[in-house]
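Here is the structure we will look at, set down as structure tokens.
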Amino acid sequence: MNPVAKALWFIESHFAGEITLAEISEVAGVSRFHMVRAFGVTTGHSVMRYVRARRLTEAARNLAKGAPDILAVALDAGYGSHEAFTRAFREQFGLTPDMLRAGGTVENLLLVEAIAMNDTPKTTLLPPRIQDGRPLLLAGLGEHFTFENTAGIPALWQRFDEHLGNVPGQVGEIAYGVCYNTDDSGAFDYIAGVEVADFAALSKDFARLRVTEQRYAVFTHQEHVSTIRGTFTAIFNDWMPQSGHRMADAPAFERYDERFDSRTGMGGFEIWIPLKR
């Protein structure tokens with residue numbers, strides 16, 4: 001069973017109690033950093049946001065059935081007070097627990113159901129090469145994302161396209177899509193950019209990132225760029241647990257050279273995953 005499948009089983013079996021990212025990662029047999037990345041790219045959900053949403057979904061069902069004590073529902077959902085539960089509930093569903101109980105239905109709510117792992121895209125990986133990468137100075141357009149809103153990344157690339165070849169100090173023609181600063185909640189920063197000689201001439205509109213010397217597993221993605229999630233899923237769920245390698249807490253990136261056609265999304269590109277030495 002792969003790490004995300006193990007995590008899903010543990011979450012679905014234990015979310016009525018207090019569970020932590022550390023516990024989920026331990027059960028799955030991977031690091032916290034690996035768990036956050038693997039769960040996010042496989043399911044499209046940040047792992048702890050998924051736990052929270054599953055608890056609130058089940059709480060909503062109980063309230064719609066007329067649960068008499070909202071505090072008891074809150075405690076069962078892992079919240080220590082009526083107030084904290086109400087804040088989280090309103091943020092998730094746009095109404096209070098009292099309003100839902102009075103309405104008696106979850107019909108119009110966006111509930112988060114248990115994820116079926118057989119819906120996960122599958123990709124057959126080519127064996128990666130292990131390579132020591134040199135330090136890089138990268139500059140481009142950056143945004144903050146969560147695994148729930150990664151659909152915004154192609155639009156970021158669209159905005160960056162007009163800067164390609166015109167970034168001050170640009171070195172070469174290779175483009176990089178870099179994921180970094182991933183936190184335990186599943187939020188991360190992403191830069192669509194290029195290598196530069198230095199940061200001195202850049203305007204404030206450009207994001208900047210120093211990538212230190214690092215060892216990588218380098219995978220080739222040969223299909224359309226839209227299927228990238230399947231490749232990441234196979235890397236984190238299949239190759240990494242069986243490889244004997246451990247993922248490093250460092251930037252991971254896509255490397256787009258002259259073979260990639262940004263108009264059609266075809267041509268292939270590389271995915272560089274940082275490894276612990």
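In the structure tokens, chains take the letters A, B, ... in the order shown, each chain's residues start at 1, and ligands count up from 1 in the order shown.
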
Excluding region 136-139 of chain A and residues on its chain fewer than 2 positions from it, collect all residues at most 10 Å away from it, counting only C-alpha atoms, and give them as a PDB file with N, CA and C atoms, in the first residue's frame.
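Below you can see around-v1.pdb, which holds the result:
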ATOM      1  N   GLY A 133      22.931  18.697  -8.674  1.00  0.00           N
ATOM      2  CA  GLY A 133      22.627  19.942  -9.358  1.00  0.00           C
ATOM      3  C   GLY A 133      23.457  21.094  -8.810  1.00  0.00           C
ATOM      4  N   ARG A 134      23.802  22.020  -9.680  1.00  0.00           N
ATOM      5  CA  ARG A 134      24.590  23.181  -9.275  1.00  0.00           C
ATOM      6  C   ARG A 134      23.681  24.249  -8.654  1.00  0.00           C
ATOM      7  N   LEU A 141       7.889  35.145 -12.056  1.00  0.00           N
ATOM      8  CA  LEU A 141       6.656  35.538 -11.381  1.00  0.00           C
ATOM      9  C   LEU A 141       6.280  34.454 -10.384  1.00  0.00           C
ATOM     10  N   GLY A 142       5.929  34.874  -9.190  1.00  0.00           N
ATOM     11  CA  GLY A 142       5.621  33.906  -8.146  1.00  0.00           C
ATOM     12  C   GLY A 142       4.285  34.170  -7.493  1.00  0.00           C
ATOM     13  N   VAL A 167      13.974  38.836 -19.243  1.00  0.00           N
ATOM     14  CA  VAL A 167      14.251  39.007 -17.817  1.00  0.00           C
ATOM     15  C   VAL A 167      15.664  39.551 -17.664  1.00  0.00           C
ATOM     16  N   PRO A 168      15.868  40.654 -16.954  1.00  0.00           N
ATOM     17  CA  PRO A 168      17.208  41.217 -16.791  1.00  0.00           C
ATOM     18  C   PRO A 168      18.198  40.201 -16.229  1.00  0.00           C
ATOM     19  N   GLY A 169      19.309  40.015 -16.934  1.00  0.00           N
ATOM     20  CA  GLY A 169      20.335  39.080 -16.482  1.00  0.00           C
ATOM     21  C   GLY A 169      20.035  37.636 -16.808  1.00  0.00           C
ATOM     22  N   GLN A 170      19.033  37.357 -17.659  1.00  0.00           N
ATOM     23  CA  GLN A 170      18.647  35.976 -17.965  1.00  0.00           C
ATOM     24  C   GLN A 170      19.818  35.191 -18.530  1.00  0.00           C
ATOM     25  N   VAL A 171      19.951  33.941 -18.064  1.00  0.00           N
ATOM     26  CA  VAL A 171      21.004  33.036 -18.517  1.00  0.00           C
ATOM     27  C   VAL A 171      20.350  31.873 -19.250  1.00  0.00           C
ATOM     28  N   ALA A 175      13.389  27.271 -18.921  1.00  0.00           N
ATOM     29  CA  ALA A 175      12.438  27.798 -17.943  1.00  0.00           C
ATOM     30  C   ALA A 175      12.283  26.804 -16.789  1.00  0.00           C
ATOM     31  N   TYR A 176      12.001  27.336 -15.612  1.00  0.00           N
ATOM     32  CA  TYR A 176      11.872  26.515 -14.407  1.00  0.00           C
ATOM     33  C   TYR A 176      10.552  26.823 -13.712  1.00  0.00           C
ATOM     34  N   GLY A 177       9.866  25.772 -13.293  1.00  0.00           N
ATOM     35  CA  GLY A 177       8.706  25.915 -12.427  1.00  0.00           C
ATOM     36  C   GLY A 177       9.065  25.337 -11.076  1.00  0.00           C
ATOM     37  N   VAL A 178       9.193  26.181 -10.061  1.00  0.00           N
ATOM     38  CA  VAL A 178       9.793  25.774  -8.793  1.00  0.00           C
ATOM     39  C   VAL A 178       8.767  25.826  -7.666  1.00  0.00           C
ATOM     40  N   ILE A 191       7.292  29.551  -8.367  1.00  0.00           N
ATOM     41  CA  ILE A 191       7.833  30.535  -9.305  1.00  0.00           C
ATOM     42  C   ILE A 191       7.858  29.937 -10.706  1.00  0.00           C
ATOM     43  N   ALA A 192       7.326  30.669 -11.667  1.00  0.00           N
ATOM     44  CA  ALA A 192       7.556  30.394 -13.082  1.00  0.00           C
ATOM     45  C   ALA A 192       8.667  31.335 -13.503  1.00  0.00           C
ATOM     46  N   GLY A 193       9.859  30.810 -13.829  1.00  0.00           N
ATOM     47  CA  GLY A 193      10.972  31.709 -14.033  1.00  0.00           C
ATOM     48  C   GLY A 193      12.095  31.123 -14.860  1.00  0.00           C
ATOM     49  N   VAL A 194      13.224  31.826 -14.831  1.00  0.00           N
ATOM     50  CA  VAL A 194      14.430  31.458 -15.567  1.00  0.00           C
ATOM     51  C   VAL A 194      15.632  31.684 -14.672  1.00  0.00           C
ATOM     52  N   GLU A 195      16.776  31.158 -15.105  1.00  0.00           N
ATOM     53  CA  GLU A 195      18.025  31.421 -14.395  1.00  0.00           C
ATOM     54  C   GLU A 195      18.515  32.819 -14.750  1.00  0.00           C
ATOM     55  N   VAL A 196      19.069  33.512 -13.759  1.00  0.00           N
ATOM     56  CA  VAL A 196      19.671  34.830 -13.983  1.00  0.00           C
ATOM     57  C   VAL A 196      21.078  34.838 -13.400  1.00  0.00           C
ATOM     58  N   ALA A 197      21.901  35.776 -13.931  1.00  0.00           N
ATOM     59  CA  ALA A 197      23.277  35.893 -13.449  1.00  0.00           C
ATOM     60  C   ALA A 197      23.324  36.494 -12.049  1.00  0.00           C
ATOM     61  N   ASP A 198      22.424  37.445 -11.776  1.00  0.00           N
ATOM     62  CA  ASP A 198      22.309  38.042 -10.445  1.00  0.00           C
ATOM     63  C   ASP A 198      20.943  38.716 -10.345  1.00  0.00           C
ATOM     64  N   PHE A 199      20.646  39.224  -9.180  1.00  0.00           N
ATOM     65  CA  PHE A 199      19.338  39.831  -8.929  1.00  0.00           C
ATOM     66  C   PHE A 199      19.366  41.362  -9.037  1.00  0.00           C
ATOM     67  N   LEU A 202      16.835  43.372 -11.366  1.00  0.00           N
ATOM     68  CA  LEU A 202      15.426  42.963 -11.382  1.00  0.00           C
ATOM     69  C   LEU A 202      14.530  44.021 -10.737  1.00  0.00           C
ATOM     70  N   ASP A 205       8.755  43.555  -9.319  1.00  0.00           N
ATOM     71  CA  ASP A 205       7.697  42.652  -9.779  1.00  0.00           C
ATOM     72  C   ASP A 205       8.160  41.208  -9.873  1.00  0.00           C
ATOM     73  N   PHE A 206       9.476  41.000  -9.876  1.00  0.00           N
ATOM     74  CA  PHE A 206      10.006  39.652 -10.039  1.00  0.00           C
ATOM     75  C   PHE A 206      10.262  38.994  -8.686  1.00  0.00           C
ATOM     76  N   ALA A 207       9.824  37.733  -8.583  1.00  0.00           N
ATOM     77  CA  ALA A 207      10.175  36.904  -7.430  1.00  0.00           C
ATOM     78  C   ALA A 207      11.588  36.371  -7.635  1.00  0.00           C
ATOM     79  N   ARG A 208      12.288  36.123  -6.536  1.00  0.00           N
ATOM     80  CA  ARG A 208      13.679  35.678  -6.588  1.00  0.00           C
ATOM     81  C   ARG A 208      13.851  34.457  -5.698  1.00  0.00           C
ATOM     82  N   LEU A 209      14.712  33.538  -6.132  1.00  0.00           N
ATOM     83  CA  LEU A 209      14.966  32.345  -5.325  1.00  0.00           C
ATOM     84  C   LEU A 209      16.394  31.860  -5.564  1.00  0.00           C
ATOM     85  N   ARG A 210      17.126  31.622  -4.465  1.00  0.00           N
ATOM     86  CA  ARG A 210      18.439  30.983  -4.535  1.00  0.00           C
ATOM     87  C   ARG A 210      18.262  29.487  -4.270  1.00  0.00           C
ATOM     88  N   VAL A 211      18.666  28.673  -5.218  1.00  0.00           N
ATOM     89  CA  VAL A 211      18.638  27.215  -5.068  1.00  0.00           C
ATOM     90  C   VAL A 211      20.068  26.758  -4.818  1.00  0.00           C
ATOM     91  N   THR A 212      20.307  26.141  -3.686  1.00  0.00           N
ATOM     92  CA  THR A 212      21.658  25.715  -3.336  1.00  0.00           C
ATOM     93  C   THR A 212      22.008  24.401  -4.031  1.00  0.00           C
ATOM     94  N   GLU A 213      23.278  24.044  -3.986  1.00  0.00           N
ATOM     95  CA  GLU A 213      23.721  22.764  -4.554  1.00  0.00           C
ATOM     96  C   GLU A 213      22.970  21.627  -3.887  1.00  0.00           C
TER      97      GLU A 213
END

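Between Ala53 (chain A) and the candidates A:Val106, A:Val112, A:Ala22, A:Met99, the tightest atom-to-atom separation, counting only C-alpha atoms, involves A:Val112.
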
Find the residues around Trp9 (chain A) up to 10 Å (only C-alpha atoms counted), leave out those fewer than 4 positions away in its own chain, and share them as an NGL selection string.
:A and (3-5 or 13-14 or 24 or 27-28 or 114-115)

How would you write, as a PyMOL selection string, the set of residues in region 53-270 of chain A that DSSP gives as strand (DSSP E or B)?
chain A and resi 129-133+136-146+170-180+187-196+207-211+214-221+247+252-256+261+266+269-270

Would you please work out which residue, of A:Ala67, A:Ile19, A:Leu125, A:Ala250, is nearest to Asp238 (chain A) when using only C-alpha atoms?
A:Leu125

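Separating CA of Tyr216 (chain A) from CA of Leu8 (chain A) is a distance of 27.8 Å.
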
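Between CA of Leu100 (chain A) and CA of Asn62 (chain A) there is a distance of 10.0 Å.
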
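Coordinates place CA of Phe219 (chain A) at a distance of 18.1 Å from CA of Tyr180 (chain A).
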
Would you please give, as a VMD selection string, all residues of region 23-269 of chain A that DSSP assigns to helix (DSSP H, G or I) based on the backbone?
chain A and resid 23 to 28 32 to 43 47 to 64 70 to 76 82 to 93 97 to 103 117 to 119 150 to 161 225 to 243

Next, the residues of the selection above should be written as an mmCIF file, in the first residue's frame with C-alpha atoms.
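Generated file (selection38.cif):
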data_model
loop_
_atom_site.group_PDB
_atom_site.id
_atom_site.type_symbol
_atom_site.label_atom_id
_atom_site.label_comp_id
_atom_site.auth_asym_id
_atom_site.auth_seq_id
_atom_site.Cartn_x
_atom_site.Cartn_y
_atom_site.Cartn_z
ATOM 1 C CA GLU A 23 1.019 10.665 13.363
ATOM 2 C CA ILE A 24 -0.260 10.426 9.791
ATOM 3 C CA SER A 25 3.296 10.560 8.436
ATOM 4 C CA GLU A 26 4.491 7.923 10.897
ATOM 5 C CA VAL A 27 1.717 5.516 9.917
ATOM 6 C CA ALA A 28 2.491 6.112 6.229
ATOM 7 C CA ARG A 32 6.160 15.075 7.260
ATOM 8 C CA PHE A 33 7.525 16.941 4.242
ATOM 9 C CA HIS A 34 7.055 13.912 1.992
ATOM 10 C CA MET A 35 3.544 13.370 3.352
ATOM 11 C CA VAL A 36 2.457 16.947 2.645
ATOM 12 C CA ARG A 37 3.766 16.817 -0.935
ATOM 13 C CA ALA A 38 2.556 13.285 -1.698
ATOM 14 C CA PHE A 39 -0.937 13.813 -0.311
ATOM 15 C CA GLY A 40 -1.318 17.157 -2.044
ATOM 16 C CA VAL A 41 -0.276 16.084 -5.529
ATOM 17 C CA THR A 42 -2.163 12.774 -5.310
ATOM 18 C CA THR A 43 -5.489 14.032 -3.990
ATOM 19 C CA VAL A 47 -3.609 16.780 4.212
ATOM 20 C CA MET A 48 -4.650 18.609 7.387
ATOM 21 C CA ARG A 49 -7.282 20.656 5.540
ATOM 22 C CA TYR A 50 -8.699 17.332 4.353
ATOM 23 C CA VAL A 51 -8.824 16.074 7.951
ATOM 24 C CA ARG A 52 -10.618 19.263 8.989
ATOM 25 C CA ALA A 53 -13.056 19.110 6.075
ATOM 26 C CA ARG A 54 -13.899 15.446 6.715
ATOM 27 C CA ARG A 55 -14.613 16.192 10.388
ATOM 28 C CA LEU A 56 -16.834 19.131 9.489
ATOM 29 C CA THR A 57 -18.636 17.151 6.789
ATOM 30 C CA GLU A 58 -19.600 14.448 9.265
ATOM 31 C CA ALA A 59 -20.543 17.125 11.801
ATOM 32 C CA ALA A 60 -22.809 18.742 9.200
ATOM 33 C CA ARG A 61 -24.584 15.442 8.604
ATOM 34 C CA ASN A 62 -25.149 14.999 12.340
ATOM 35 C CA LEU A 63 -26.539 18.515 12.670
ATOM 36 C CA ALA A 64 -28.854 18.050 9.687
ATOM 37 C CA ILE A 70 -24.004 21.422 19.190
ATOM 38 C CA LEU A 71 -21.163 21.414 21.732
ATOM 39 C CA ALA A 72 -21.158 17.609 21.722
ATOM 40 C CA VAL A 73 -20.925 17.639 17.915
ATOM 41 C CA ALA A 74 -18.093 20.169 18.179
ATOM 42 C CA LEU A 75 -16.180 17.989 20.634
ATOM 43 C CA ASP A 76 -16.676 14.914 18.439
ATOM 44 C CA HIS A 82 -18.636 25.999 20.556
ATOM 45 C CA GLU A 83 -17.030 29.230 19.316
ATOM 46 C CA ALA A 84 -14.057 27.559 17.596
ATOM 47 C CA PHE A 85 -16.354 25.017 15.971
ATOM 48 C CA THR A 86 -18.724 27.737 14.722
ATOM 49 C CA ARG A 87 -15.862 29.728 13.178
ATOM 50 C CA ALA A 88 -14.491 26.692 11.360
ATOM 51 C CA PHE A 89 -17.958 25.563 10.283
ATOM 52 C CA ARG A 90 -18.857 28.968 8.850
ATOM 53 C CA GLU A 91 -15.526 29.137 7.019
ATOM 54 C CA GLN A 92 -16.106 25.693 5.483
ATOM 55 C CA PHE A 93 -19.792 25.964 4.583
ATOM 56 C CA PRO A 97 -24.139 25.083 12.855
ATOM 57 C CA ASP A 98 -27.397 26.497 14.261
ATOM 58 C CA MET A 99 -28.542 27.561 10.796
ATOM 59 C CA LEU A 100 -27.802 24.132 9.340
ATOM 60 C CA ARG A 101 -29.586 22.308 12.137
ATOM 61 C CA ALA A 102 -32.609 24.560 11.692
ATOM 62 C CA GLY A 103 -32.646 23.875 7.941
ATOM 63 C CA MET A 117 -7.906 5.971 -4.317
ATOM 64 C CA ASN A 118 -8.957 4.289 -7.565
ATOM 65 C CA ASP A 119 -9.651 7.789 -8.920
ATOM 66 C CA THR A 150 -3.062 24.564 -8.151
ATOM 67 C CA ALA A 151 -5.335 25.098 -11.161
ATOM 68 C CA GLY A 152 -4.027 28.682 -11.059
ATOM 69 C CA ILE A 153 -0.462 27.658 -11.995
ATOM 70 C CA PRO A 154 -1.045 27.575 -15.808
ATOM 71 C CA ALA A 155 -2.349 31.169 -15.626
ATOM 72 C CA LEU A 156 0.859 32.167 -13.817
ATOM 73 C CA TRP A 157 2.875 30.685 -16.693
ATOM 74 C CA GLN A 158 0.698 32.549 -19.185
ATOM 75 C CA ARG A 159 1.565 35.847 -17.492
ATOM 76 C CA PHE A 160 5.259 34.943 -17.397
ATOM 77 C CA ASP A 161 5.427 34.041 -21.108
ATOM 78 C CA VAL A 225 1.869 18.857 -19.351
ATOM 79 C CA SER A 226 -1.714 18.560 -18.064
ATOM 80 C CA THR A 227 -0.973 14.982 -16.901
ATOM 81 C CA ILE A 228 1.850 16.086 -14.581
ATOM 82 C CA ARG A 229 -0.155 15.169 -11.479
ATOM 83 C CA GLY A 230 0.021 11.487 -12.447
ATOM 84 C CA THR A 231 3.818 11.629 -12.667
ATOM 85 C CA PHE A 232 4.165 13.329 -9.290
ATOM 86 C CA THR A 233 1.779 10.761 -7.800
ATOM 87 C CA ALA A 234 3.892 7.888 -9.129
ATOM 88 C CA ILE A 235 7.097 9.521 -7.839
ATOM 89 C CA PHE A 236 5.853 10.081 -4.297
ATOM 90 C CA ASN A 237 3.698 6.967 -3.897
ATOM 91 C CA ASP A 238 5.612 4.355 -5.879
ATOM 92 C CA TRP A 239 9.213 5.249 -6.682
ATOM 93 C CA MET A 240 10.247 7.122 -3.527
ATOM 94 C CA PRO A 241 9.096 4.544 -0.935
ATOM 95 C CA GLN A 242 10.757 1.714 -2.890
ATOM 96 C CA SER A 243 13.956 3.527 -3.848
#

Counting only C-alpha atoms, which of A:Pro274, A:Gly140, A:Gly186, A:Gly244 gets nearest to Val218 (chain A)?
A:Pro274

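Every protein or nucleic acid residue with an atom no more than 6 Å from Ala187 (chain A), counting only C-alpha atoms and leaving out same-chain residues fewer than 2 positions away, appears here: Phe145, Thr146, Thr182, Asp183 and Ser185 of chain A.
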
Just to be explicit: take each residue in the selection above, keep all heavy atoms, and write the result as an mmCIF file, in the first residue's frame.
data_model
loop_
_atom_site.group_PDB
_atom_site.id
_atom_site.type_symbol
_atom_site.label_atom_id
_atom_site.label_comp_id
_atom_site.auth_asym_id
_atom_site.auth_seq_id
_atom_site.Cartn_x
_atom_site.Cartn_y
_atom_site.Cartn_z
ATOM 1 N N PHE A 145 0.291 29.244 -3.268
ATOM 2 C CA PHE A 145 -0.778 28.310 -3.604
ATOM 3 C C PHE A 145 -1.015 27.338 -2.451
ATOM 4 O O PHE A 145 -0.191 27.220 -1.536
ATOM 5 C CB PHE A 145 -0.408 27.487 -4.850
ATOM 6 C CG PHE A 145 -0.349 28.276 -6.131
ATOM 7 C CD1 PHE A 145 0.849 28.815 -6.572
ATOM 8 C CD2 PHE A 145 -1.491 28.472 -6.901
ATOM 9 C CE1 PHE A 145 0.914 29.536 -7.749
ATOM 10 C CE2 PHE A 145 -1.439 29.190 -8.078
ATOM 11 C CZ PHE A 145 -0.235 29.725 -8.512
ATOM 12 N N THR A 146 -2.137 26.647 -2.510
ATOM 13 C CA THR A 146 -2.358 25.438 -1.734
ATOM 14 C C THR A 146 -2.652 24.324 -2.738
ATOM 15 O O THR A 146 -2.875 24.590 -3.927
ATOM 16 C CB THR A 146 -3.548 25.574 -0.759
ATOM 17 O OG1 THR A 146 -4.763 25.669 -1.519
ATOM 18 C CG2 THR A 146 -3.396 26.806 0.125
ATOM 19 N N THR A 182 7.137 24.790 1.170
ATOM 20 C CA THR A 182 5.941 24.006 1.497
ATOM 21 C C THR A 182 5.824 23.870 3.006
ATOM 22 O O THR A 182 6.776 23.474 3.676
ATOM 23 C CB THR A 182 6.020 22.607 0.865
ATOM 24 O OG1 THR A 182 6.196 22.746 -0.544
ATOM 25 C CG2 THR A 182 4.758 21.812 1.140
ATOM 26 N N ASP A 183 4.650 24.216 3.563
ATOM 27 C CA ASP A 183 4.479 24.102 5.010
ATOM 28 C C ASP A 183 3.556 22.939 5.348
ATOM 29 O O ASP A 183 3.036 22.249 4.464
ATOM 30 C CB ASP A 183 3.968 25.416 5.612
ATOM 31 C CG ASP A 183 2.584 25.817 5.119
ATOM 32 O OD1 ASP A 183 1.813 24.941 4.676
ATOM 33 O OD2 ASP A 183 2.264 27.022 5.181
ATOM 34 N N SER A 185 0.641 22.829 6.404
ATOM 35 C CA SER A 185 -0.768 22.957 6.015
ATOM 36 C C SER A 185 -0.986 22.683 4.536
ATOM 37 O O SER A 185 -2.117 22.645 4.068
ATOM 38 C CB SER A 185 -1.265 24.375 6.342
ATOM 39 O OG SER A 185 -0.705 25.320 5.446
#
